[in-house]
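To be precise, the following lines are upload_36.txt, and they hold compact mmCIF, C-alpha atoms.
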```txt
# COMPACT_ATOMS: atom_id res chain seq x y z
CA MET V 18 0.76 -14.63 -7.45
CA ALA V 19 -2.26 -12.82 -6.16
CA GLU V 20 -4.21 -14.80 -3.59
CA PHE V 21 -7.21 -12.86 -2.43
CA THR V 22 -8.29 -15.15 0.39
CA LEU V 23 -6.42 -16.32 3.45
CA PRO V 24 -5.05 -19.87 3.62
CA LYS V 25 -7.02 -22.28 5.81
CA ASN V 26 -4.73 -22.01 8.82
CA SER V 27 -4.96 -18.21 8.77
CA VAL V 28 -8.72 -17.75 8.84
CA LEU V 29 -9.79 -15.75 11.88
CA THR V 30 -11.90 -17.06 14.73
CA GLN V 31 -13.55 -15.28 17.65
CA GLY V 32 -11.47 -15.38 20.84
CA LYS V 33 -11.98 -14.38 24.43
CA THR V 34 -13.47 -11.17 25.78
CA TYR V 35 -11.98 -9.41 28.78
CA PRO V 36 -14.68 -6.97 29.95
CA ALA V 37 -13.91 -3.79 31.85
CA PRO V 38 -14.67 -3.91 35.60
CA ALA V 39 -18.26 -3.01 36.45
CA GLY V 40 -18.75 0.71 36.93
CA THR V 41 -16.08 1.79 34.45
CA LYS V 42 -17.28 5.10 33.03
CA GLN V 43 -15.27 5.52 29.82
CA ILE V 44 -14.74 2.14 28.18
CA ARG V 45 -12.42 1.77 25.19
CA ARG V 46 -12.79 -1.49 23.29
CA PHE V 47 -9.75 -3.09 21.62
CA GLU V 48 -10.05 -6.05 19.25
CA ILE V 49 -6.63 -7.61 18.84
CA TYR V 50 -5.28 -10.32 16.53
CA ARG V 51 -3.82 -13.25 18.42
CA TRP V 52 -1.92 -16.29 17.26
CA ASP V 53 -0.25 -18.74 19.57
CA PRO V 54 2.60 -20.75 17.99
CA GLU V 55 2.46 -23.24 20.88
CA THR V 56 -1.02 -24.54 20.05
CA GLY V 57 -1.01 -23.72 16.34
CA ALA V 58 -4.77 -23.16 16.43
CA ASN V 59 -6.19 -20.66 13.95
CA PRO V 60 -5.65 -16.98 14.78
CA ARG V 61 -8.37 -15.39 16.88
CA ILE V 62 -9.62 -11.95 17.81
CA ASP V 63 -9.47 -11.24 21.54
CA VAL V 64 -11.47 -8.34 22.90
CA TYR V 65 -10.11 -6.15 25.71
CA GLU V 66 -12.03 -3.36 27.38
CA LEU V 67 -9.98 -0.63 29.02
CA ASP V 68 -10.82 2.25 31.27
CA ALA V 69 -9.92 5.26 29.11
CA ASN V 70 -9.05 7.27 32.23
CA GLN V 71 -6.51 4.69 33.35
CA CYS V 72 -4.68 4.50 30.05
CA GLY V 73 -2.21 6.68 28.15
CA ASN V 74 -3.04 8.49 24.97
CA LYS V 75 -1.39 6.33 22.33
CA VAL V 76 -2.30 2.94 20.91
CA LEU V 77 1.00 1.60 22.26
CA ASP V 78 0.05 2.78 25.76
CA ALA V 79 -3.12 0.74 25.47
CA ILE V 80 -1.46 -2.50 24.42
CA ILE V 81 1.24 -2.10 27.08
CA LYS V 82 -1.58 -1.57 29.59
CA ILE V 83 -3.26 -4.75 28.36
CA LYS V 84 -0.02 -6.73 28.63
CA ASN V 85 0.74 -5.39 32.10
CA ASP V 86 -2.68 -5.58 33.69
CA ILE V 87 -4.94 -7.93 31.75
CA ASP V 88 -3.18 -10.50 29.59
CA SER V 89 0.58 -10.95 29.82
CA THR V 90 0.59 -13.44 26.91
CA LEU V 91 0.06 -10.65 24.34
CA ALA V 92 3.17 -10.29 22.18
CA PHE V 93 4.21 -7.22 20.20
CA ARG V 94 7.40 -5.33 19.31
CA ARG V 95 8.14 -1.93 20.78
CA SER V 96 11.19 0.03 21.77
CA CYS V 97 11.57 3.80 21.52
CA ARG V 98 7.91 4.81 22.07
CA GLU V 99 8.49 8.00 20.06
CA GLY V 100 8.38 7.06 16.38
CA VAL V 101 12.08 6.72 15.63
CA CYS V 102 12.77 2.99 15.93
CA GLY V 103 10.04 1.54 13.72
CA SER V 104 9.40 -1.49 15.92
CA CYS V 105 5.75 -1.06 16.82
CA SER V 106 4.39 -0.85 13.25
CA MET V 107 1.02 -2.58 12.98
CA ASN V 108 -2.36 -2.28 11.30
CA VAL V 109 -4.72 -0.12 13.34
CA ASN V 110 -8.29 0.18 12.09
CA GLY V 111 -7.38 -0.74 8.53
CA LYS V 112 -4.27 1.39 8.12
CA ASN V 113 -0.63 0.65 8.88
CA THR V 114 0.92 2.94 11.44
CA LEU V 115 3.22 3.16 14.45
CA ALA V 116 1.33 2.29 17.61
CA CYS V 117 3.48 4.73 19.60
CA THR V 118 2.59 7.82 17.59
CA LYS V 119 -1.05 7.00 16.83
CA SER V 120 -3.48 8.58 19.25
CA ILE V 121 -6.35 6.51 20.59
CA ASN V 122 -8.51 9.62 20.32
CA ASP V 123 -8.19 9.54 16.53
CA PHE V 124 -10.74 6.74 16.65
CA PRO V 125 -14.18 7.37 18.10
CA ASP V 126 -15.17 3.74 18.49
CA VAL V 127 -13.62 0.26 18.59
CA ILE V 128 -9.90 -0.03 17.83
CA LYS V 129 -8.97 -3.08 15.78
CA ILE V 130 -5.33 -4.08 15.80
CA TYR V 131 -3.71 -6.56 13.40
CA PRO V 132 -0.12 -7.37 12.56
CA LEU V 133 1.30 -5.77 9.38
CA PRO V 134 -0.64 -7.28 6.44
CA HIS V 135 0.38 -10.30 4.38
CA LEU V 136 3.36 -11.46 6.40
CA GLN V 137 3.98 -14.72 8.21
CA VAL V 138 3.00 -14.31 11.85
CA ILE V 139 5.51 -15.42 14.51
CA LYS V 140 3.17 -14.63 17.41
CA ASP V 141 0.25 -12.22 17.87
CA LEU V 142 1.34 -8.81 16.50
CA VAL V 143 4.88 -9.96 15.70
CA PRO V 144 5.32 -10.72 11.99
CA ASP V 145 8.37 -12.25 10.31
CA MET V 146 10.28 -9.38 8.71
CA SER V 147 13.35 -11.34 7.60
CA SER V 148 12.50 -11.25 3.89
CA PHE V 149 11.95 -7.48 4.14
CA PHE V 150 15.37 -6.94 5.71
CA ASN V 151 17.04 -9.34 3.29
CA GLN V 152 15.72 -7.21 0.44
CA TYR V 153 17.07 -4.13 2.19
CA ALA V 154 20.50 -5.78 2.37
CA GLU V 155 20.29 -6.59 -1.34
CA ILE V 156 20.38 -2.90 -2.35
CA LYS V 157 23.67 -2.46 -0.43
CA PRO V 158 22.47 0.40 1.78
CA TRP V 159 25.80 2.06 2.37
CA LEU V 160 28.01 4.66 0.71
CA SER V 161 29.90 3.01 -2.12
CA THR V 162 32.75 4.68 -4.01
CA LYS V 163 35.27 3.99 -6.77
CA THR V 164 37.70 6.89 -6.35
CA ALA V 165 40.52 6.69 -3.83
CA SER V 166 39.61 7.67 -0.29
CA PRO V 167 40.32 11.34 0.43
CA GLU V 168 42.46 12.48 3.36
CA ARG V 169 39.39 13.55 5.28
CA GLU V 170 35.66 12.82 4.96
CA ARG V 171 33.83 13.06 1.62
CA LEU V 172 32.21 16.47 1.61
CA GLN V 173 28.74 17.34 0.47
CA ASN V 174 27.36 20.82 -0.22
CA LYS V 175 24.10 22.02 1.29
CA THR V 176 22.04 21.62 -1.88
CA ASP V 177 23.13 18.00 -2.27
CA ARG V 178 22.52 17.30 1.40
CA ASP V 179 19.00 18.70 1.08
CA LYS V 180 18.23 16.02 -1.51
CA LEU V 181 18.42 13.42 1.25
CA ASP V 182 15.67 15.02 3.31
CA GLY V 183 12.58 12.86 3.31
CA LEU V 184 14.71 9.84 2.41
CA TYR V 185 17.21 9.37 5.21
CA ASP V 186 14.33 9.85 7.70
CA CYS V 187 12.89 6.43 6.82
CA ILE V 188 12.93 4.15 9.87
CA LEU V 189 12.22 0.90 7.98
CA CYS V 190 9.03 0.16 9.89
CA ALA V 191 7.62 -1.55 6.74
CA CYS V 192 4.24 0.17 7.06
CA CYS V 193 4.43 1.23 3.40
CA SER V 194 5.66 -2.05 1.93
CA THR V 195 3.01 -4.08 3.75
CA SER V 196 0.26 -1.65 2.65
CA CYS V 197 1.08 -2.26 -1.01
CA PRO V 198 -1.06 -4.84 -2.85
CA SER V 199 1.74 -5.31 -5.37
CA TYR V 200 4.02 -6.23 -2.49
CA TRP V 201 1.39 -8.57 -1.03
CA TRP V 202 1.25 -10.56 -4.26
CA ASN V 203 4.95 -10.45 -5.17
CA SER V 204 6.96 -9.84 -2.00
CA ASP V 205 9.45 -12.49 -3.13
CA LYS V 206 10.41 -10.54 -6.26
CA PHE V 207 9.20 -6.94 -5.89
CA PHE V 208 11.39 -4.78 -3.61
CA GLY V 209 8.44 -2.78 -2.27
CA PRO V 210 8.23 0.94 -1.43
CA ALA V 211 10.45 1.04 1.68
CA VAL V 212 13.42 -0.69 0.06
CA LEU V 213 13.00 1.33 -3.15
CA LEU V 214 12.92 4.58 -1.18
CA GLN V 215 16.17 3.48 0.45
CA ALA V 216 17.59 2.57 -2.95
CA TYR V 217 16.78 6.10 -4.14
CA ARG V 218 18.40 7.53 -1.00
CA TRP V 219 21.75 6.09 -2.20
CA LEU V 220 21.10 6.93 -5.86
CA VAL V 221 20.76 10.66 -5.13
CA ASP V 222 23.59 10.83 -2.61
CA SER V 223 26.18 13.06 -4.32
CA ARG V 224 29.01 11.12 -2.61
CA ASP V 225 27.91 7.71 -3.87
CA GLU V 226 29.70 6.53 -7.04
CA LYS V 227 27.90 3.28 -7.79
CA THR V 228 24.84 4.83 -9.43
CA GLU V 229 25.14 2.73 -12.57
CA GLU V 230 25.47 -0.53 -10.62
CA ARG V 231 22.51 0.39 -8.46
CA LEU V 232 20.30 1.27 -11.44
CA SER V 233 21.33 -1.85 -13.29
CA GLN V 234 20.28 -3.95 -10.29
CA LEU V 235 16.85 -2.27 -10.15
CA ASP V 236 16.20 -2.49 -13.91
CA ASP V 237 13.91 -5.48 -13.56
CA ALA V 238 10.25 -6.16 -14.36
CA PHE V 239 9.64 -7.11 -10.73
CA LYS V 240 12.16 -5.41 -8.43
CA LEU V 241 11.18 -1.88 -9.53
CA TYR V 242 8.41 -2.06 -12.10
CA ARG V 243 5.86 -3.97 -10.02
CA CYS V 244 5.06 -0.53 -8.62
CA HIS V 245 1.78 0.51 -10.25
CA THR V 246 1.45 3.83 -8.40
CA ILE V 247 -1.36 2.58 -6.19
CA MET V 248 -0.22 5.20 -3.63
CA ASN V 249 -1.06 3.21 -0.49
CA CYS V 250 2.58 3.64 0.59
CA THR V 251 2.51 7.42 0.65
CA ASP V 252 -0.97 7.36 2.17
CA THR V 253 0.09 5.20 5.09
CA CYS V 254 3.67 6.31 5.93
CA PRO V 255 3.62 7.27 9.64
CA LYS V 256 6.63 9.53 9.10
CA GLY V 257 4.91 11.49 6.32
CA LEU V 258 7.47 10.42 3.71
CA ASN V 259 6.73 9.84 0.04
CA PRO V 260 7.94 6.43 -1.19
CA ALA V 261 5.78 6.66 -4.34
CA LYS V 262 7.58 9.85 -5.35
CA ALA V 263 10.98 8.25 -4.72
CA ILE V 264 10.02 5.30 -6.92
CA ALA V 265 8.86 7.68 -9.68
CA GLU V 266 12.26 9.41 -9.47
CA ILE V 267 14.02 6.06 -9.89
CA LYS V 268 11.87 5.34 -12.95
CA LYS V 269 12.89 8.75 -14.36
CA LEU V 270 16.57 7.97 -13.75
CA MET V 271 16.00 4.69 -15.58
CA VAL V 272 14.70 6.54 -18.65
CA GLU V 273 17.69 8.92 -18.59
CA ARG V 274 20.01 5.93 -18.36
CA GLN V 275 18.38 4.27 -21.37
CA LYS V 276 18.63 7.51 -23.35
CA ALA V 277 22.34 7.69 -22.58
CA THR V 278 23.11 4.25 -23.99
CA MET B 30 11.41 -21.84 19.23
CA THR B 31 10.29 -25.45 19.26
CA SER B 32 7.01 -24.84 17.47
CA HIS B 33 6.34 -26.88 14.36
CA HIS B 34 3.05 -25.26 13.56
CA PRO B 35 3.01 -23.53 10.18
CA ARG B 36 2.78 -19.78 10.57
CA PRO B 37 -0.43 -18.09 9.44
CA THR B 38 -0.48 -15.24 6.92
CA SER B 39 -1.63 -12.01 8.48
CA PRO B 40 -4.91 -10.64 7.06
CA HIS B 41 -4.53 -8.21 4.15
CA LEU B 42 -7.42 -7.45 1.76
CA GLN B 43 -9.76 -8.62 4.51
CA ILE B 44 -8.80 -5.81 6.86
CA TYR B 45 -6.99 -3.10 4.87
CA ARG B 46 -9.05 0.04 4.36
CA LEU B 47 -8.08 1.18 0.87
CA PRO B 48 -7.76 4.96 0.57
CA LEU B 49 -9.54 6.70 -2.34
CA THR B 50 -6.34 6.57 -4.41
CA GLY B 51 -6.15 2.80 -3.88
CA LEU B 52 -9.81 2.34 -4.84
CA ILE B 53 -9.26 4.38 -8.00
CA SER B 54 -6.20 2.31 -8.84
CA ILE B 55 -8.10 -1.00 -8.69
CA THR B 56 -11.04 0.56 -10.56
CA HIS B 57 -8.63 1.59 -13.30
CA ARG B 58 -7.66 -2.03 -13.66
CA ILE B 59 -11.24 -3.31 -13.59
CA THR B 60 -12.39 -0.73 -16.17
CA GLY B 61 -9.44 -1.74 -18.34
CA VAL B 62 -10.63 -5.34 -18.35
CA LEU B 63 -14.26 -4.31 -18.92
CA LEU B 64 -13.29 -2.06 -21.82
CA ALA B 65 -11.42 -4.94 -23.42
CA ALA B 66 -14.59 -7.00 -23.06
CA GLY B 67 -16.57 -4.03 -24.42
CA ILE B 68 -14.68 -4.36 -27.70
CA PHE B 69 -16.86 -7.42 -28.43
CA LEU B 70 -19.90 -5.18 -28.10
CA LEU B 71 -18.34 -2.68 -30.49
CA MET B 72 -17.65 -5.51 -32.93
CA SER B 73 -21.29 -6.55 -32.74
CA VAL B 74 -22.27 -2.99 -33.74
CA PHE B 75 -19.99 -3.18 -36.77
CA TYR B 76 -21.23 -6.66 -37.58
CA SER B 77 -24.88 -5.61 -37.53
CA LEU B 78 -24.01 -2.63 -39.75
CA ALA B 79 -22.26 -4.87 -42.23
CA GLN B 80 -25.27 -7.19 -42.37
CA GLY B 81 -27.44 -4.41 -43.75
CA GLU B 82 -30.32 -2.16 -42.79
CA ALA B 83 -32.66 -4.76 -41.32
CA SER B 84 -29.97 -6.19 -39.14
CA TYR B 85 -28.97 -2.75 -37.83
CA ARG B 86 -32.62 -1.94 -37.06
CA ASN B 87 -32.79 -5.05 -34.90
CA PHE B 88 -29.60 -3.97 -33.18
CA GLN B 89 -31.11 -0.53 -32.50
CA ILE B 90 -34.14 -2.13 -30.88
CA LEU B 91 -31.85 -4.19 -28.68
CA ALA B 92 -29.66 -1.17 -27.83
CA GLY B 93 -32.74 0.86 -26.90
CA TYR B 94 -33.92 -1.75 -24.40
CA TRP B 95 -33.83 -0.32 -20.89
CA LEU B 96 -31.68 -3.14 -19.55
CA VAL B 97 -29.04 -2.68 -22.24
CA LYS B 98 -28.75 1.11 -21.94
CA PRO B 99 -26.92 1.07 -18.58
CA VAL B 100 -24.36 -1.28 -20.13
CA PHE B 101 -23.60 1.24 -22.84
CA TRP B 102 -23.42 4.12 -20.40
CA GLY B 103 -21.28 1.99 -18.12
CA ILE B 104 -18.83 1.44 -20.94
CA ILE B 105 -18.82 5.16 -21.79
CA PHE B 106 -18.12 6.13 -18.18
CA ALA B 107 -15.49 3.39 -17.88
CA LEU B 108 -13.81 4.74 -21.01
CA PHE B 109 -13.63 8.29 -19.64
CA PHE B 110 -12.57 7.12 -16.19
CA HIS B 111 -9.82 5.00 -17.71
CA LEU B 112 -8.75 7.97 -19.84
CA CYS B 113 -8.62 10.38 -16.86
CA HIS B 114 -6.62 8.02 -14.68
CA GLY B 115 -4.40 7.29 -17.67
CA VAL B 116 -3.57 11.00 -17.86
CA ARG B 117 -2.86 10.90 -14.12
CA HIS B 118 -0.39 8.07 -14.74
CA LEU B 119 1.36 10.19 -17.39
CA LEU B 120 1.74 13.02 -14.85
CA TRP B 121 3.09 10.56 -12.28
CA ASP B 122 5.59 9.25 -14.81
CA LEU B 123 6.88 12.83 -15.14
CA GLY B 124 7.43 12.76 -11.38
CA LYS B 125 4.64 15.28 -10.78
CA SER B 126 1.52 15.48 -8.56
CA PHE B 127 2.82 13.34 -5.69
CA ASN B 128 1.99 15.81 -2.92
CA PRO B 129 0.36 13.66 -0.19
CA ALA B 130 -1.93 16.51 0.89
CA LEU B 131 -3.43 16.76 -2.60
CA LEU B 132 -3.83 13.06 -3.46
CA ASN B 133 -7.52 12.94 -2.54
CA LEU B 134 -8.21 16.21 -4.33
CA TYR B 135 -6.68 14.89 -7.57
CA ALA B 136 -8.56 11.61 -7.18
CA THR B 137 -11.86 13.47 -6.77
CA MET B 138 -11.02 15.62 -9.79
CA GLU B 139 -10.46 12.49 -11.88
CA LEU B 140 -13.87 11.14 -10.91
CA LEU B 141 -15.58 14.48 -11.60
CA CYS B 142 -13.85 14.82 -14.98
CA ALA B 143 -14.93 11.32 -15.99
CA ALA B 144 -18.53 12.01 -14.89
CA GLY B 145 -18.44 15.40 -16.63
CA LEU B 146 -17.23 13.91 -19.90
CA ALA B 147 -19.91 11.21 -19.73
CA LEU B 148 -22.54 13.90 -19.10
CA LEU B 149 -21.23 15.93 -22.03
CA THR B 150 -21.53 12.88 -24.25
CA TRP B 151 -25.13 12.42 -23.12
CA LEU B 152 -25.94 16.09 -23.85
CA LEU B 153 -24.29 16.02 -27.27
CA PHE B 154 -25.71 12.75 -28.56
```
Could the structure of this file be written out as structure tokens, please?
Amino acid sequence: MAEFTLPKNSVLTQGKTYPAPAGTKQIRRFEIYRWDPETGANPRIDVYELDANQCGNKVLDAIIKIKNDIDSTLAFRRSCREGVCGSCSMNVNGKNTLACTKSINDFPDVIKIYPLPHLQVIKDLVPDMSSFFNQYAEIKPWLSTKTASPERERLQNKTDRDKLDGLYDCILCACCSTSCPSYWWNSDKFFGPAVLLQAYRWLVDSRDEKTEERLSQLDDAFKLYRCHTIMNCTDTCPKGLNPAKAIAEIKKLMVERQKAT
Amino acid sequence: MTSHHPRPTSPHLQIYRLPLTGLISITHRITGVLLAAGIFLLMSVFYSLAQGEASYRNFQILAGYWLVKPVFWGIIFALFFHLCHGVRHLLWDLGKSFNPALLNLYATMELLCAAGLALLTWLLF
């Protein structure tokens, strides 16, 4: 159900400020969401001021700088630092993105960093993604066949391979799913844009033979049809993919399937 | 992890900056609800008509009151806005007009069309 306000234990408070050393010429101000599971006190916003000339160009550079030099208690996920692993997804100035590919210079003023929206927070910028990945597992994200295995690999022509472009590139960072109000209110039942895009990736794969089973699983008032084409997913995807389009294609397949029966 | 503290929910509506497409989507919903409520107003028009000339004259006086006029025009704009975004939904259901680069353009076009249709109504009546 839609809950528009935050529960009592999630309401934000003002935290500490770590000012830049006196004489710093180019100050960049970062306001970062913090929650400490050890104390269990309400989440707070800590303010860090960095010297822009001492810091790399990306948002991830800044938070690594903060962790290294100012406050080692800051927790966040990161790995590849080049937009292929999907670990450092977070909400930067009101939009979900990858901290490693987002330039600090895209923002003229304060940079506000929150964990991905409407998830349970484990610590600071680290949200609990287990439900998201469980949903991913539910769609059986692997090639599934009925015919006997051929001698060699299952071949695919160029045209069919091209259909996977813009789908297989998804890195499961969950930026899209956690930008979707429908997913906020029904993340227990609605699959959300990322998982649906992945579902479509296997539906259009010419080598996959479980199309009917896959469609039958998705034919559900919540799993698929909670998508109301709000378009936040496509707007926010840091890889420039189009989950909304993929969902529309699934809905079209669903109509074809109903016509056939 | 030995913590027993219940985990907080990360902020959502409080911090998310809805893009134009998102704002239009929620407005579509709100106008839908308002239009449903507007049906009562429409019924009151019919009711006053059915009650005869005197009753309708009273209704006209009420409808001409400056505070009531914006309500009517609000409903007219809401109707056209809801219509335009409804057409957009039909296009989406055909799998068309999903190009991310053009989303804002289409959204602006919807708003302009709705305003244009409302203006046309004003000029014609």
task = Identify which of the residues V:Ser89, V:Thr246, V:Ser96, V:Thr22 lies closest to His57 (chain B), counting all atoms listed in the file when measuring atom-to-atom distances.
result = V:Thr246
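Considering the residues V:Ser204, V:Thr162, V:Gln173, V:Thr56 and counting only C-alpha atoms, chain B has its shortest atom-to-atom contact with V:Thr56.
Picture a line from CA of Cys193 (chain V) to CA of Gly32 (chain V); it runs 28.9 Å.
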As a short mmCIF file (atom, residue, chain, number, x, y, z; two decimals) with C-alpha atoms, in the coordinates of the input, please: the residues near region 82-86 of chain V (cut-off 9 Å, all atoms listed in the file, same-chain neighbours under 2 positions excluded).
```cif
data_model
loop_
_atom_site.label_atom_id
_atom_site.label_comp_id
_atom_site.auth_asym_id
_atom_site.auth_seq_id
_atom_site.Cartn_x
_atom_site.Cartn_y
_atom_site.Cartn_z
CA TYR V 65 -10.11 -6.15 25.71
CA GLU V 66 -12.03 -3.36 27.38
CA LEU V 67 -9.98 -0.63 29.02
CA GLN V 71 -6.51 4.69 33.35
CA CYS V 72 -4.68 4.50 30.05
CA GLY V 73 -2.21 6.68 28.15
CA LEU V 77 1.00 1.60 22.26
CA ASP V 78 0.05 2.78 25.76
CA ALA V 79 -3.12 0.74 25.47
CA ILE V 80 -1.46 -2.50 24.42
CA ASP V 88 -3.18 -10.50 29.59
CA SER V 89 0.58 -10.95 29.82
CA THR V 90 0.59 -13.44 26.91
CA LEU V 91 0.06 -10.65 24.34
CA ALA V 92 3.17 -10.29 22.18
#
```
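Rounded to one decimal, CA of Gly183 (chain V) and CA of Gly124 (chain B) lie 15.6 Å from each other.
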task = Could you give me, as a ChimeraX atom specification, the residues within 8 Å of Leu64 (chain B), counting all atoms listed in the file and dropping anything in the same chain fewer than 6 positions from it?
result = /B:104,107-108
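Checking V:Pro132, V:Gly100, V:Pro210, V:Pro36 one by one against chain B, counting all atoms listed in the file, you find the shortest gap at V:Pro132.
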Each residue of chain V with at least one atom at most 7 Å from chain B should appear once, together with its nearest atom pair and the corresponding distance in Å (one decimal); atoms considered: only C-alpha atoms; ordering: chain, then increasing residue number; output as a tab-separated table.
```
residue	atom	partner	partner_atom	distance
V:Phe21	CA	B:Leu42	CA	6.8
V:Leu23	CA	B:Pro40	CA	6.9
V:Asn26	CA	B:Pro37	CA	5.9
V:Ser27	CA	B:Pro37	CA	4.6
V:Pro54	CA	B:Ser32	CA	6.0
V:Glu55	CA	B:Ser32	CA	5.9
V:Gly57	CA	B:His34	CA	5.2
V:Gly111	CA	B:Tyr45	CA	4.4
V:Lys112	CA	B:Tyr45	CA	6.2
V:Pro132	CA	B:Ser39	CA	6.4
V:Leu133	CA	B:Ser39	CA	7.0
V:Pro134	CA	B:His41	CA	4.6
V:His135	CA	B:Ser39	CA	4.9
V:Leu136	CA	B:Thr38	CA	5.4
V:Gln137	CA	B:Thr38	CA	4.7
V:Val138	CA	B:Arg36	CA	5.6
V:Ile139	CA	B:Arg36	CA	6.5
V:Ile247	CA	B:Gly51	CA	5.3
V:Met248	CA	B:Thr50	CA	6.3
V:Asn249	CA	B:Gly51	CA	6.1
V:Thr251	CA	B:Pro129	CA	6.7
V:Asp252	CA	B:Pro129	CA	6.9
V:Lys262	CA	B:Phe127	CA	5.9
V:Ala265	CA	B:Gly124	CA	5.5
V:Glu266	CA	B:Gly124	CA	6.2
```
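Between CA of Thr228 (chain V) and CA of Ser161 (chain V) the interatomic distance comes to 9.1 Å.
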